[in-house]
Every structure is written in C-alpha cells, then in structure tokens.
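A quick write-up on the structure given underneath.
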Amino acid sequence: MKAVTWHGRRDVRVDEVPDPRIQEPTDVIVRVTSTGICGSDLHLYELLGPFMAEGDILGHEPMGLVQEVGPEVTEVRPGDRVVVPFNVSCGTCFMCTRGLHSQCETTQVRDQGTGAALFGYTKLYGQVPGGQAEYLRVPFGNTLPIKVPDGPPDDRFVYLSDVLPTAWQAVEYALAAPCGTPAPGSGGSLAVLGLGPIGDMCARIALHRGIEPVIGIDLVPERLERARRNGVRVLDLREHGDDLTEVVRELTDGRGPDSVIDAVGMEAHGSPGAKLAQRMTAFLPDAAAAQFMQRAGIDRLHALHLAIDLVRRGGTISLIGVYGGMADPLPMLTLFDKQIQLRMGQANVKRWVDDLMPLLTDGDPLGTDAFATHHLPLDQAPQAYEMFQKKQDGAVKVLLKP
C-alpha cells in the first residue's frame, strides 16, 4: 500500500509499504478514505526528528471503511464507516472508564514515561503506524472505532479523530469554574491564541456555546479573516504586538478575559532564545538531541506567557497547543499571584463523542463541511506538508485522499 513516511527533517515521502494485517483477535483493518494533516504533525516535520525512525508512517486523523475484522470483533463489521481516534485506548481500563482515554493504562508507553499510545506519533508514544495511508490496523475493534452514518461527506465526520474533541476539551477546560468564573453555559469571555485548525474550531465551539466575546489572536491574514467571518473578534498580533494586553482588556471590562486558550504550543513566534535551542537540536546526533529535548527547556513560550498576561485574575488558561520541553521556565509568582487555574493535556477523544455527535448528525452548526481549505490526493502529501508548514495558499486544514 501507499503511505506517508518520515525520512528526516522536512522530508516526508509517499512510499510503498507492506499492508497491515490482523495481529490480535480484536483488530480491525480500515481502508482509509480521508486523513488529515494535523498541526502537531508539523512538529514531527520540523522538530521532533530525534524521536522518529526513517520509514515511520505518519498521521493520526483518519476515517474510512472497515475492510476486515478479527475473530473476536462484534461491534463493527466489514463495510461499516468509522472514524479512528488518535488515542490508542482500550476503553475498559481504570483510566478509560473515567474518561481519561489519553492516559489508557493498557497502552501507556511506560518505557518512555508517557501516556496512551498515539497513531503515527514518535517513539515517545509507541511508534504505532499512522493513518496517512491506504490502510490502517486499528486495535480494540470493539471499543476504539467510532461508527458514523452513511450519507454526509467525510468532511462532516473526519474531525472526530482529533480536531473536534481536542477543541471541545480545550473549551470545556477553559470553562472550568474556579472562584469567580462563570459556570459553563453562562456566558463569560474567551481569548484564543492561534487560529490554526484547533484554535479556529475552539472559537466556533465557544460561540456555539454562548461565550461572548470570543477574541481570536493570530498573525496570518487568511486565518484572521476566516475567524472574522464566523463572528470572532479578531486581533492581528502584528498590529497590536506592543499594546495587545491593553486592547484585550478594553474588550473585557478592563480585567482581561475569563479564560484563555493557548492553541499555539511549542513553536510560537516571538521566542528567539528557545527558537535557537530548537534549531540547535537539528545539528545534534539523534540520541543526544533526544536527551537534550527531554531534559532542557526547548519550547518557545511566547504564547503561554501571553496567555498568563492576558487572562484576568482568578481566570483559567486552557493549554491545548503541544509543548515538549522538560525544564521550561514558568513565571510561578505571576501564576500564583493572579490565582490562575491552568488545565492541559491530550484530548480524551472517546470522552467527548456523545457531546459532539449531535452537532454532526442534526445539522452542521460548527461548519465542518467547509472546514478544510485543501483536499489533495495522498501522493501530494510532501507538497501538502510544505504548504501547511509555510502557511501558503491560505492553508488552514488539509485533508488527504488515499
């Protein structure tokens, strides 16, 4: 089969690789019909090479049709249409039964000290072959695949793999109510840092849930305009860089927003020292670079520091952008003094499916049908990665079609 494989920094290729096969009696083989390129895939493309091996199959946002099932699979059958969550979670362990599928005890990558395995995402998370391929082996066939109805196009459902649950969790965490913060559903104000796929969807979900105002901050004109069209109050970081905090406070009764979502993560603009540290890892042998990244502060923290500055006293920061450093400095005095609640973590995909499914089957209030900016054949994955990484041609969300 054809699959998108990693060969080095900024070097992904479409290779012929062996077809996946049933290995366990509860396995399912899915013929992939749509698969997304995620912003976190760009971290593999640009930065996390020390944790990759040449030939690793990328991708963790697939959906498709069940092709084959193991002898103990009873919940899906060949021909069923399914979305595959990016967490490889069993659905039955202590963590999964508490809605913490990203911490699944069955698939935790204990030799790396990390949580649940992820499809297509580095040695740190199990090195499981990913879904940017023609076929995908999916374990836990009775509990992991999400069955979706026939009829609507893939674009309606494919984001259940990552974008929708990640954004929903980010908003849910942002609305977690410490003392003095509005309870969920009672309004409040929210700023979203970064209007890529996750930040954009966070803003849509917040508006859908009655948050007002929703302030979106970015520096890419196409992303700002896209959010503006959906009712977000947008601020261009290039225009308001020096006075952004004051501008946001003016929009929020002089206090700052009740909540801030950091949807940027480790590769934020405006962090030259950490940018240099990231670049240095490219010149180290993989083993040395991996140790450096696991023990040093290598994240570009501009977005997180901005979130801490923007949020009102007693407010909440929901951190959904990916960070990877082990010794990043944080302004603990400010966090403590402002009494900020900080929530974060990989999305627990299956936890949010019941909340999200009605928004996909009873109309399309979040605009998923038109969410992708580009649909490209799998063979064009290298060009798609480059375009997305360089933010060319208005690329916000790219779907590949095997």
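In the structure tokens, the first chain shown is A, the next is B, and so on; residue numbers restart at 1 for each chain, and ligands run from 1 in the order shown.
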Selection near His43 in chain A, 10 Å with only C-alpha atoms, sequence-local residues under 3 positions removed, as a ChimeraX atom specification: /A:9-10,38-40,46-49,121,266-267,322-324,389
Which residues of range 101-134 of chain A come within 12 Å of range 343-347 of chain A, and for each one, what is the closest pair of atoms and their distance in Å to one decimal, counting only C-alpha atoms, sorted by chain and residue number, as a tab-separated table?
```
residue	atom	partner	partner_atom	distance
A:His101	CA	A:Ala347	CA	8.0
A:Ser102	CA	A:Gln346	CA	6.0
A:Gln103	CA	A:Gln346	CA	8.7
A:Cys104	CA	A:Gln346	CA	11.6
A:Thr114	CA	A:Gln346	CA	11.2
A:Gly115	CA	A:Gln346	CA	9.0
A:Ala116	CA	A:Gln346	CA	9.5
A:Ala117	CA	A:Gln346	CA	11.1
A:Leu118	CA	A:Gln346	CA	10.1
A:Tyr125	CA	A:Gln346	CA	11.7
```
Could you dump the residues just selected with N, CA and C atoms as a tab-separated table (two decimals), in the first residue's frame?
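The resulting file, out.tsv, is reproduced below:
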```
chain	number	residue	atom	x	y	z
A	101	HIS	N	-9.00	8.80	28.29
A	101	HIS	CA	-8.51	7.86	27.28
A	101	HIS	C	-7.07	8.17	26.86
A	102	SER	N	-6.63	9.41	27.01
A	102	SER	CA	-5.25	9.75	26.67
A	102	SER	C	-4.26	9.20	27.70
A	103	GLN	N	-4.77	8.63	28.78
A	103	GLN	CA	-3.92	8.03	29.81
A	103	GLN	C	-4.17	6.52	29.92
A	104	CYS	N	-4.73	5.92	28.90
A	104	CYS	CA	-5.10	4.50	28.91
A	104	CYS	C	-3.99	3.64	29.51
A	114	THR	N	5.33	7.99	29.31
A	114	THR	CA	4.27	8.81	28.71
A	114	THR	C	2.92	8.11	28.79
A	115	GLY	N	1.89	8.81	28.36
A	115	GLY	CA	0.53	8.31	28.44
A	115	GLY	C	0.21	7.33	27.33
A	116	ALA	N	-1.05	7.30	26.93
A	116	ALA	CA	-1.51	6.33	25.94
A	116	ALA	C	-0.76	6.47	24.62
A	117	ALA	N	-0.60	5.35	23.94
A	117	ALA	CA	-0.01	5.36	22.61
A	117	ALA	C	-0.87	6.19	21.67
A	118	LEU	N	-0.22	6.76	20.66
A	118	LEU	CA	-0.91	7.55	19.65
A	118	LEU	C	-0.58	6.99	18.27
A	125	TYR	N	5.41	7.95	21.97
A	125	TYR	CA	4.03	7.50	22.09
A	125	TYR	C	3.80	6.19	21.33
```
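Coordinates place CA of Gln23 in chain A at a distance of 10.8 Å from CA of Pro71 in chain A.
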Mind checking which residues fall within 10 Å of Met52 in chain A, counting only C-alpha atoms, ignoring those fewer than 6 positions away in the same chain, and posting them as a PDB file with C-alpha atoms, in the first residue's frame?
```pdb
ATOM      1  CA  TRP A   6       9.127  10.189   7.630  1.00  0.00           C
ATOM      2  CA  HIS A   7      12.688  10.367   6.273  1.00  0.00           C
ATOM      3  CA  GLY A   8      14.172  13.359   8.091  1.00  0.00           C
ATOM      4  CA  ARG A   9      13.591  16.977   8.932  1.00  0.00           C
ATOM      5  CA  LEU A  44       7.460  15.836  13.503  1.00  0.00           C
ATOM      6  CA  TYR A  45       8.226  17.520  10.198  1.00  0.00           C
ATOM      7  CA  GLY A 120       1.655   7.927  13.874  1.00  0.00           C
ATOM      8  CA  TYR A 121       3.427   9.896  16.583  1.00  0.00           C
ATOM      9  CA  THR A 122       7.039   9.152  17.594  1.00  0.00           C
ATOM     10  CA  LYS A 123       8.790   6.690  19.866  1.00  0.00           C
ATOM     11  CA  LEU A 124       7.547   8.723  22.827  1.00  0.00           C
ATOM     12  CA  GLN A 127       5.686   4.350  17.331  1.00  0.00           C
ATOM     13  CA  ASP A 286      19.527  11.866  17.336  1.00  0.00           C
ATOM     14  CA  ALA A 290      16.506  13.394  22.238  1.00  0.00           C
TER      15      ALA A 290
END
```
Pairwise distance for CA of Lys397 in chain A and CA of Ile57 in chain A, rounded to one decimal in Å: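 Atom-to-atom, CA of Lys397 in chain A to CA of Ile57 in chain A, that is 19.7 Å.
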Residues near Val28 in chain A, cut-off 9 Å, only C-alpha atoms, skip fewer than 5 positions along chain, as a list in words: Arg21, Ile22, Val66, Gln67, Glu68, Val69, Gly70, Val73, Val76, Arg77, Leu136, Arg137, Val138, Pro139, Phe140, Gly141, Asn142 and Pro145 of chain A
Which residue of A:Ile146, A:Leu58, A:Val232, A:Leu335 approaches Asp218 in chain A most closely, using only C-alpha atoms: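 Smallest separation from Asp218 in chain A among the options: A:Val232.
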Non-local contacts of range 221-227 of chain A (9 Å; only C-alpha atoms; under 4 positions in same chain excluded) as a VMD selection string: chain A and resid 194 to 196 200 203 to 204 216 to 217 231 to 236 393 to 396
Save out the residues we just selected, N, CA and C atoms, as an mmCIF file, in the first residue's frame.
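Generated output (again-v4.cif):
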```
data_model
loop_
_atom_site.group_PDB
_atom_site.id
_atom_site.type_symbol
_atom_site.label_atom_id
_atom_site.label_comp_id
_atom_site.auth_asym_id
_atom_site.auth_seq_id
_atom_site.Cartn_x
_atom_site.Cartn_y
_atom_site.Cartn_z
ATOM 1 N N GLY A 194 -3.898 31.768 18.557
ATOM 2 C CA GLY A 194 -3.624 30.866 17.452
ATOM 3 C C GLY A 194 -4.902 30.421 16.782
ATOM 4 N N LEU A 195 -5.065 30.726 15.501
ATOM 5 C CA LEU A 195 -6.277 30.407 14.762
ATOM 6 C C LEU A 195 -6.002 29.402 13.652
ATOM 7 N N GLY A 196 -5.076 28.465 13.935
ATOM 8 C CA GLY A 196 -4.944 27.300 13.073
ATOM 9 C C GLY A 196 -6.155 26.408 13.242
ATOM 10 N N ASP A 200 -9.172 27.736 15.551
ATOM 11 C CA ASP A 200 -10.355 28.101 14.780
ATOM 12 C C ASP A 200 -11.568 27.337 15.283
ATOM 13 N N ALA A 203 -12.807 28.481 18.698
ATOM 14 C CA ALA A 203 -13.608 29.699 18.614
ATOM 15 C C ALA A 203 -15.033 29.382 18.160
ATOM 16 N N ARG A 204 -15.176 28.488 17.192
ATOM 17 C CA ARG A 204 -16.512 28.122 16.711
ATOM 18 C C ARG A 204 -17.327 27.461 17.826
ATOM 19 N N GLY A 216 -10.102 36.240 18.939
ATOM 20 C CA GLY A 216 -9.105 35.397 18.292
ATOM 21 C C GLY A 216 -7.864 36.196 17.929
ATOM 22 N N ILE A 217 -6.688 35.666 18.265
ATOM 23 C CA ILE A 217 -5.428 36.382 18.060
ATOM 24 C C ILE A 217 -4.502 35.531 17.196
ATOM 25 N N GLY A 231 -17.751 35.272 13.161
ATOM 26 C CA GLY A 231 -18.231 36.032 14.300
ATOM 27 C C GLY A 231 -17.230 36.246 15.410
ATOM 28 N N VAL A 232 -15.970 35.887 15.185
ATOM 29 C CA VAL A 232 -14.924 36.079 16.183
ATOM 30 C C VAL A 232 -14.415 37.514 16.104
ATOM 31 N N ARG A 233 -14.149 38.130 17.252
ATOM 32 C CA ARG A 233 -13.500 39.443 17.279
ATOM 33 C C ARG A 233 -11.997 39.197 17.142
ATOM 34 N N VAL A 234 -11.414 39.504 15.998
ATOM 35 C CA VAL A 234 -10.030 39.124 15.738
ATOM 36 C C VAL A 234 -9.084 40.286 15.975
ATOM 37 N N LEU A 235 -7.896 39.952 16.445
ATOM 38 C CA LEU A 235 -6.820 40.916 16.652
ATOM 39 C C LEU A 235 -5.569 40.401 15.983
ATOM 40 N N ASP A 236 -4.935 41.251 15.176
ATOM 41 C CA ASP A 236 -3.720 40.896 14.454
ATOM 42 C C ASP A 236 -2.523 41.171 15.355
ATOM 43 N N ASP A 393 -0.861 29.659 0.515
ATOM 44 C CA ASP A 393 -2.126 29.433 -0.181
ATOM 45 C C ASP A 393 -3.311 29.354 0.790
ATOM 46 N N GLY A 394 -3.233 30.071 1.911
ATOM 47 C CA GLY A 394 -4.341 30.071 2.853
ATOM 48 C C GLY A 394 -4.588 28.736 3.534
ATOM 49 N N ALA A 395 -3.570 27.887 3.612
ATOM 50 C CA ALA A 395 -3.761 26.551 4.174
ATOM 51 C C ALA A 395 -4.034 26.625 5.669
ATOM 52 N N VAL A 396 -5.189 26.148 6.071
ATOM 53 C CA VAL A 396 -5.538 26.002 7.487
ATOM 54 C C VAL A 396 -5.741 24.527 7.812
#
```
Those of range 66-169 of chain A in DSSP strand (DSSP E or B), formatted as an NGL selection string: :A and (66-69 or 81-83 or 87 or 118-119 or 128 or 133 or 135-138 or 146-147)
Residues from the last selection, C-alpha atoms, saved as an mmCIF file, in the first residue's frame:
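The file below, out_11.cif, is the result:
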```cif
data_model
loop_
_atom_site.group_PDB
_atom_site.id
_atom_site.type_symbol
_atom_site.label_atom_id
_atom_site.label_comp_id
_atom_site.auth_asym_id
_atom_site.auth_seq_id
_atom_site.Cartn_x
_atom_site.Cartn_y
_atom_site.Cartn_z
ATOM 1 C CA VAL A 66 -13.915 -1.411 7.788
ATOM 2 C CA GLN A 67 -12.197 -3.859 5.467
ATOM 3 C CA GLU A 68 -11.527 -6.840 7.727
ATOM 4 C CA VAL A 69 -12.191 -7.762 11.365
ATOM 5 C CA ARG A 81 -17.976 3.596 8.162
ATOM 6 C CA VAL A 82 -15.725 4.556 11.086
ATOM 7 C CA VAL A 83 -13.562 7.355 12.421
ATOM 8 C CA ASN A 87 -5.533 7.957 21.121
ATOM 9 C CA LEU A 118 -0.910 7.551 19.645
ATOM 10 C CA PHE A 119 -1.232 6.662 15.995
ATOM 11 C CA VAL A 128 2.321 2.993 16.136
ATOM 12 C CA ALA A 133 -2.006 5.564 4.351
ATOM 13 C CA TYR A 135 -4.992 1.020 5.092
ATOM 14 C CA LEU A 136 -4.682 1.125 8.875
ATOM 15 C CA ARG A 137 -4.619 -1.567 11.530
ATOM 16 C CA VAL A 138 -6.840 -0.477 14.431
ATOM 17 C CA ILE A 146 -16.345 5.462 16.147
ATOM 18 C CA LYS A 147 -19.176 4.325 13.886
#
```
Closest of A:Thr35, A:Thr361, A:Ser318, A:Thr26 to Gly130 in chain A - atom-to-atom distances counting only C-alpha atoms: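 Smallest distance to Gly130 in chain A is found for A:Thr35.
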Pick from A:Asn348, A:Gly55, A:Gln339, A:Arg156, whichever lies nearest to Thr97 in chain A using only C-alpha atoms: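 Nearest to Thr97 in chain A: A:Asn348.
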Set the distance at 12 Å and use only C-alpha atoms: which residues neighbour Asp253 in chain A once local chain neighbours fewer than 6 positions away are removed? I'd like the list as an mmCIF file with C-alpha atoms, in the first residue's frame.
```
data_model
loop_
_atom_site.group_PDB
_atom_site.id
_atom_site.type_symbol
_atom_site.label_atom_id
_atom_site.label_comp_id
_atom_site.auth_asym_id
_atom_site.auth_seq_id
_atom_site.Cartn_x
_atom_site.Cartn_y
_atom_site.Cartn_z
ATOM 1 C CA GLY A 188 -18.084 34.705 30.011
ATOM 2 C CA SER A 189 -15.296 35.935 27.765
ATOM 3 C CA PRO A 213 -16.948 37.881 23.349
ATOM 4 C CA GLU A 246 -4.437 46.683 26.858
ATOM 5 C CA VAL A 247 -6.570 46.194 23.745
ATOM 6 C CA ARG A 312 -7.968 38.100 34.236
#
```
d(CA of Pro129 in chain A, CA of Asp27 in chain A) in Å: 13.9 Å
Which of range 154-234 of chain A fall in helix (DSSP H, G or I), as a PyMOL selection string: chain A and resi 154-161+163-174+197-208+221-229
Pro62 in chain A surroundings by only C-alpha atoms, 10 Å radius, close-in-sequence under 3 positions cut, as JSON, numbers by chain: {"A": [30, 31, 32, 33, 34, 35, 36, 37, 59, 82, 83, 84, 85, 86, 119, 130, 131, 132, 133, 134, 135, 136, 154, 157, 158, 159, 160, 161, 162, 399, 400, 401]}
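Remark: for Thr106 in chain A, the closest of the candidate residues A:Met63, A:Cys90, A:Met332, A:Ala370 is A:Cys90 (distances computed over only C-alpha atoms).
In this comparison, which uses only C-alpha atoms, the residue of A:Val349, A:Leu193, A:Val311, A:Val248 approaching Gly91 in chain A most closely is A:Val349.
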